[in-house]
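Reading through the structure tokens given below for one structure.
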Amino acid sequence: LPTGLIGYRSGPTMASADNFRITVEGRQTHGAMPWRGVDPIVAAAQVVLGLQTIVSRQIDIASEPAVITIGVIKGGLRENIIPDTVEMRGTIRTFNEEMRNDIHVRVKETAESISKASRAGCTVCIHKNYAVTINDAELTAATLPTLERVAGAAHVMTIPKVTGSEDFSFYQHVVPGFFYFLGVTPAGQDPAKAAPNHSPLFFIDEAGLLLGVRSLAQVTVDWL
């Protein structure tokens, strides 16, 4: 968001974040004689493609969005050897607990079934990490007038769901919570082209921090 703006939404706001590791177990052999072993690289490639069909073909993304991303794939020793194993690591993002659990089952079944069809073994480990960040509707409505007073009504806006995740969600499992976003993109820069926060080029316009402090302080005073 541009500096000076505050973004918010009620209900599911940021996705849950779960990580997983899939190990495809083949049988090492010479690259010139693949029939004498089991190639886990080819099987792993098929698993990666198969996982993409979970969101695109098996999940009702009209109700809630979801993301499955493979971020790491490791396997092989050199160009003429088919290795014993390939390891993949990835992340799952959802906005609904039922969908979250369903995708976990489908990831495991997809990876294991594709590997089995290639005569390879497969081990799937999925770890639930951050929960969905869900802004309490009543608290959101009660806080909005304060934000509009501090930033100006024209500078407070509803934003789309964010597939990033937040450990703030753990607080929301204990008490009602409200998580909002502070703009820190400098004037004159297109926010759509600004480097995201996992980029080494990410830049915070510190002029926006004053609004963050003022809004948090005023929200606290008004709540008390």
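Going through the structure tokens in order, the chains are called A, B, and so on, while each chain numbers its residues from 1 and the ligands are numbered from 1 in the order shown.
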> If we count only C-alpha atoms, what is near Thr143 in chain A at a cut-off of 9 Å, once residues fewer than 5 positions away on the same chain are taken out, given as a PyMOL selection string?
Replying inline: chain A and resi 138+148+178+219+222-223
Prev. selection, N, CA, C and O atoms, output as a short mmCIF file (atom, residue, chain, number, x, y, z; two decimals), in the first residue's frame:
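out_20.cif, written as the output of this step:
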data_model
loop_
_atom_site.label_atom_id
_atom_site.label_comp_id
_atom_site.auth_asym_id
_atom_site.auth_seq_id
_atom_site.Cartn_x
_atom_site.Cartn_y
_atom_site.Cartn_z
N GLU A 138 -17.00 -8.00 14.86
CA GLU A 138 -17.44 -6.96 15.78
C GLU A 138 -16.29 -6.02 16.14
O GLU A 138 -16.46 -4.80 16.17
N GLU A 148 -10.33 5.62 10.67
CA GLU A 148 -10.76 6.66 9.74
C GLU A 148 -10.51 8.05 10.31
O GLU A 148 -10.20 8.99 9.57
N PHE A 178 -7.82 -8.08 15.68
CA PHE A 178 -7.98 -7.28 14.46
C PHE A 178 -6.59 -6.93 13.93
O PHE A 178 -5.82 -6.24 14.60
N VAL A 219 -6.23 3.55 18.79
CA VAL A 219 -7.09 2.36 18.91
C VAL A 219 -7.10 1.86 20.35
O VAL A 219 -8.14 1.51 20.91
N ASP A 222 -9.06 4.37 22.61
CA ASP A 222 -10.50 4.28 22.37
C ASP A 222 -11.07 2.98 22.92
O ASP A 222 -12.20 2.95 23.44
N TRP A 223 -10.32 1.90 22.80
CA TRP A 223 -10.80 0.62 23.32
C TRP A 223 -10.92 0.66 24.83
O TRP A 223 -11.90 0.20 25.42
#
>> Taking 5 positions as the minimum chain separation for residues in the same chain, which residues sit within 10 Å of range 75-78 of chain A when counting only C-alpha atoms? Answer as a PyMOL selection string.
In response: chain A and resi 23-24+28+31+40-41+44+83-88
> So which residues touch His173 in chain A within 12 Å, counting only C-alpha atoms, skipping near sequence neighbours fewer than 5 positions away, as a list in words?
Replying inline: Tyr130, Ala131, Val132, Thr133, Ile134, Asn135, Asp136, Asp167, Phe168 and Phe178 of chain A
> Can you list every residue in range 83-130 of chain A that DSSP puts in alpha helix (DSSP H), as a ChimeraX atom specification?
Replying inline: /A:97-117
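Between CA of Thr158 in chain A and CA of Thr13 in chain A the separation is 10.5 Å.
Closest approach to Gln46 in chain A from the set A:Arg214, A:Lys128, A:Lys116, A:Lys161 is made by A:Lys116, with distances taken over only C-alpha atoms.
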> So which one's closest to Gln189 in chain A, A:Asp205, A:Lys74, A:Met33, A:Pro160? Using only C-alpha atoms, please.
Replying inline: A:Asp205
>> Among range 1-142 of chain A, which ones does DSSP assign to strand (DSSP E or B) (computed from the backbone)? Answer as a VMD selection string.
In response: chain A and resid 2 6 to 8 11 to 14 16 to 25 27 29 to 30 38 66 to 75 81 to 82 85 to 94 121 to 130 133 to 135
What's the 10 Å shell around Arg27 in chain A, counting only C-alpha atoms, without same-chain residues fewer than 2 positions away, as an mmCIF file with all heavy atoms, in the first residue's frame?
data_model
loop_
_atom_site.group_PDB
_atom_site.id
_atom_site.type_symbol
_atom_site.label_atom_id
_atom_site.label_comp_id
_atom_site.auth_asym_id
_atom_site.auth_seq_id
_atom_site.Cartn_x
_atom_site.Cartn_y
_atom_site.Cartn_z
ATOM 1 N N GLU A 25 11.474 -42.147 -3.062
ATOM 2 C CA GLU A 25 12.562 -43.123 -2.920
ATOM 3 C C GLU A 25 12.609 -44.058 -4.125
ATOM 4 O O GLU A 25 11.674 -44.837 -4.347
ATOM 5 C CB GLU A 25 12.347 -43.936 -1.634
ATOM 6 C CG GLU A 25 12.342 -43.088 -0.366
ATOM 7 C CD GLU A 25 11.107 -43.312 0.491
ATOM 8 O OE1 GLU A 25 10.339 -44.249 0.208
ATOM 9 O OE2 GLU A 25 10.907 -42.508 1.425
ATOM 10 N N THR A 29 20.924 -46.166 -10.176
ATOM 11 C CA THR A 29 21.474 -46.935 -11.283
ATOM 12 C C THR A 29 22.214 -45.992 -12.224
ATOM 13 O O THR A 29 22.205 -44.769 -12.034
ATOM 14 C CB THR A 29 20.361 -47.683 -12.046
ATOM 15 O OG1 THR A 29 20.948 -48.514 -13.058
ATOM 16 C CG2 THR A 29 19.410 -46.716 -12.712
ATOM 17 N N PRO A 34 18.431 -46.831 -17.301
ATOM 18 C CA PRO A 34 17.396 -46.493 -16.323
ATOM 19 C C PRO A 34 16.501 -47.671 -15.963
ATOM 20 O O PRO A 34 15.924 -47.682 -14.868
ATOM 21 C CB PRO A 34 16.608 -45.377 -17.015
ATOM 22 C CG PRO A 34 16.883 -45.544 -18.472
ATOM 23 C CD PRO A 34 18.280 -46.058 -18.557
ATOM 24 N N ARG A 36 17.288 -50.480 -15.073
ATOM 25 C CA ARG A 36 17.875 -51.296 -14.003
ATOM 26 C C ARG A 36 17.663 -50.680 -12.619
ATOM 27 O O ARG A 36 18.106 -51.225 -11.626
ATOM 28 C CB ARG A 36 19.367 -51.507 -14.271
ATOM 29 C CG ARG A 36 19.643 -52.250 -15.570
ATOM 30 C CD ARG A 36 21.094 -52.633 -15.722
ATOM 31 N NE ARG A 36 21.534 -53.576 -14.688
ATOM 32 C CZ ARG A 36 22.743 -54.133 -14.648
ATOM 33 N NH1 ARG A 36 23.623 -53.838 -15.588
ATOM 34 N NH2 ARG A 36 23.070 -54.955 -13.682
ATOM 35 N N GLY A 37 17.006 -49.553 -12.581
ATOM 36 C CA GLY A 37 16.716 -48.911 -11.305
ATOM 37 C C GLY A 37 15.314 -48.329 -11.309
ATOM 38 O O GLY A 37 14.480 -48.687 -12.138
ATOM 39 N N VAL A 38 15.059 -47.417 -10.392
ATOM 40 C CA VAL A 38 13.792 -46.680 -10.327
ATOM 41 C C VAL A 38 14.149 -45.197 -10.222
ATOM 42 O O VAL A 38 14.845 -44.794 -9.287
ATOM 43 C CB VAL A 38 12.940 -47.108 -9.118
ATOM 44 C CG1 VAL A 38 11.687 -46.240 -9.021
ATOM 45 C CG2 VAL A 38 12.576 -48.584 -9.216
ATOM 46 N N ASP A 39 13.691 -44.431 -11.182
ATOM 47 C CA ASP A 39 14.106 -43.041 -11.286
ATOM 48 C C ASP A 39 13.209 -42.133 -10.423
ATOM 49 O O ASP A 39 12.065 -41.839 -10.795
ATOM 50 C CB ASP A 39 14.033 -42.590 -12.744
ATOM 51 C CG ASP A 39 14.718 -41.251 -12.972
ATOM 52 O OD1 ASP A 39 14.874 -40.489 -11.988
ATOM 53 O OD2 ASP A 39 15.088 -40.955 -14.121
ATOM 54 N N PRO A 40 13.711 -41.652 -9.285
ATOM 55 C CA PRO A 40 12.895 -40.780 -8.437
ATOM 56 C C PRO A 40 12.768 -39.361 -8.973
ATOM 57 O O PRO A 40 11.867 -38.624 -8.567
ATOM 58 C CB PRO A 40 13.655 -40.798 -7.105
ATOM 59 C CG PRO A 40 15.081 -40.981 -7.499
ATOM 60 C CD PRO A 40 15.056 -41.877 -8.704
ATOM 61 N N ILE A 82 21.352 -41.983 -11.943
ATOM 62 C CA ILE A 82 19.998 -41.862 -11.419
ATOM 63 C C ILE A 82 20.089 -42.109 -9.913
ATOM 64 O O ILE A 82 20.547 -43.167 -9.484
ATOM 65 C CB ILE A 82 19.053 -42.873 -12.089
ATOM 66 C CG1 ILE A 82 18.836 -42.477 -13.557
ATOM 67 C CG2 ILE A 82 17.720 -42.949 -11.350
ATOM 68 C CD1 ILE A 82 18.053 -43.487 -14.356
ATOM 69 N N PRO A 83 19.654 -41.151 -9.089
ATOM 70 C CA PRO A 83 19.884 -41.251 -7.642
ATOM 71 C C PRO A 83 18.855 -42.133 -6.933
ATOM 72 O O PRO A 83 17.875 -42.594 -7.529
ATOM 73 C CB PRO A 83 19.750 -39.801 -7.182
ATOM 74 C CG PRO A 83 18.719 -39.238 -8.112
ATOM 75 C CD PRO A 83 18.988 -39.885 -9.447
ATOM 76 N N ASP A 84 19.110 -42.337 -5.652
ATOM 77 C CA ASP A 84 18.191 -43.108 -4.819
ATOM 78 C C ASP A 84 16.964 -42.304 -4.414
ATOM 79 O O ASP A 84 15.856 -42.846 -4.343
ATOM 80 C CB ASP A 84 18.902 -43.580 -3.535
ATOM 81 C CG ASP A 84 19.632 -44.899 -3.730
ATOM 82 O OD1 ASP A 84 19.169 -45.706 -4.554
ATOM 83 O OD2 ASP A 84 20.645 -45.113 -3.052
ATOM 84 N N THR A 85 17.147 -41.018 -4.112
ATOM 85 C CA THR A 85 16.039 -40.224 -3.568
ATOM 86 C C THR A 85 15.991 -38.813 -4.147
ATOM 87 O O THR A 85 17.009 -38.287 -4.618
ATOM 88 C CB THR A 85 16.141 -40.096 -2.030
ATOM 89 O OG1 THR A 85 17.354 -39.404 -1.688
ATOM 90 C CG2 THR A 85 16.120 -41.460 -1.358
ATOM 91 N N ARG A 119 6.741 -47.140 -9.408
ATOM 92 C CA ARG A 119 7.461 -48.177 -8.641
ATOM 93 C C ARG A 119 8.429 -47.572 -7.630
ATOM 94 O O ARG A 119 9.408 -48.196 -7.226
ATOM 95 C CB ARG A 119 8.225 -49.135 -9.571
ATOM 96 C CG ARG A 119 7.353 -49.870 -10.589
ATOM 97 C CD ARG A 119 6.369 -50.787 -9.920
ATOM 98 N NE ARG A 119 5.686 -51.652 -10.865
ATOM 99 C CZ ARG A 119 4.515 -51.377 -11.442
ATOM 100 N NH1 ARG A 119 3.934 -50.213 -11.169
ATOM 101 N NH2 ARG A 119 3.949 -52.215 -12.274
ATOM 102 N N ALA A 120 8.140 -46.335 -7.227
ATOM 103 C CA ALA A 120 8.979 -45.651 -6.243
ATOM 104 C C ALA A 120 8.252 -45.581 -4.908
ATOM 105 O O ALA A 120 7.016 -45.633 -4.843
ATOM 106 C CB ALA A 120 9.327 -44.245 -6.722
ATOM 107 N N GLY A 121 9.015 -45.468 -3.834
ATOM 108 C CA GLY A 121 8.432 -45.240 -2.526
ATOM 109 C C GLY A 121 8.218 -43.753 -2.292
ATOM 110 O O GLY A 121 8.709 -42.916 -3.052
#
>> Considering only C-alpha atoms, can you say which of A:Val55, A:Leu216, A:Val184, A:Ala117 comes closest to Ile204 in chain A?
In response: A:Val184
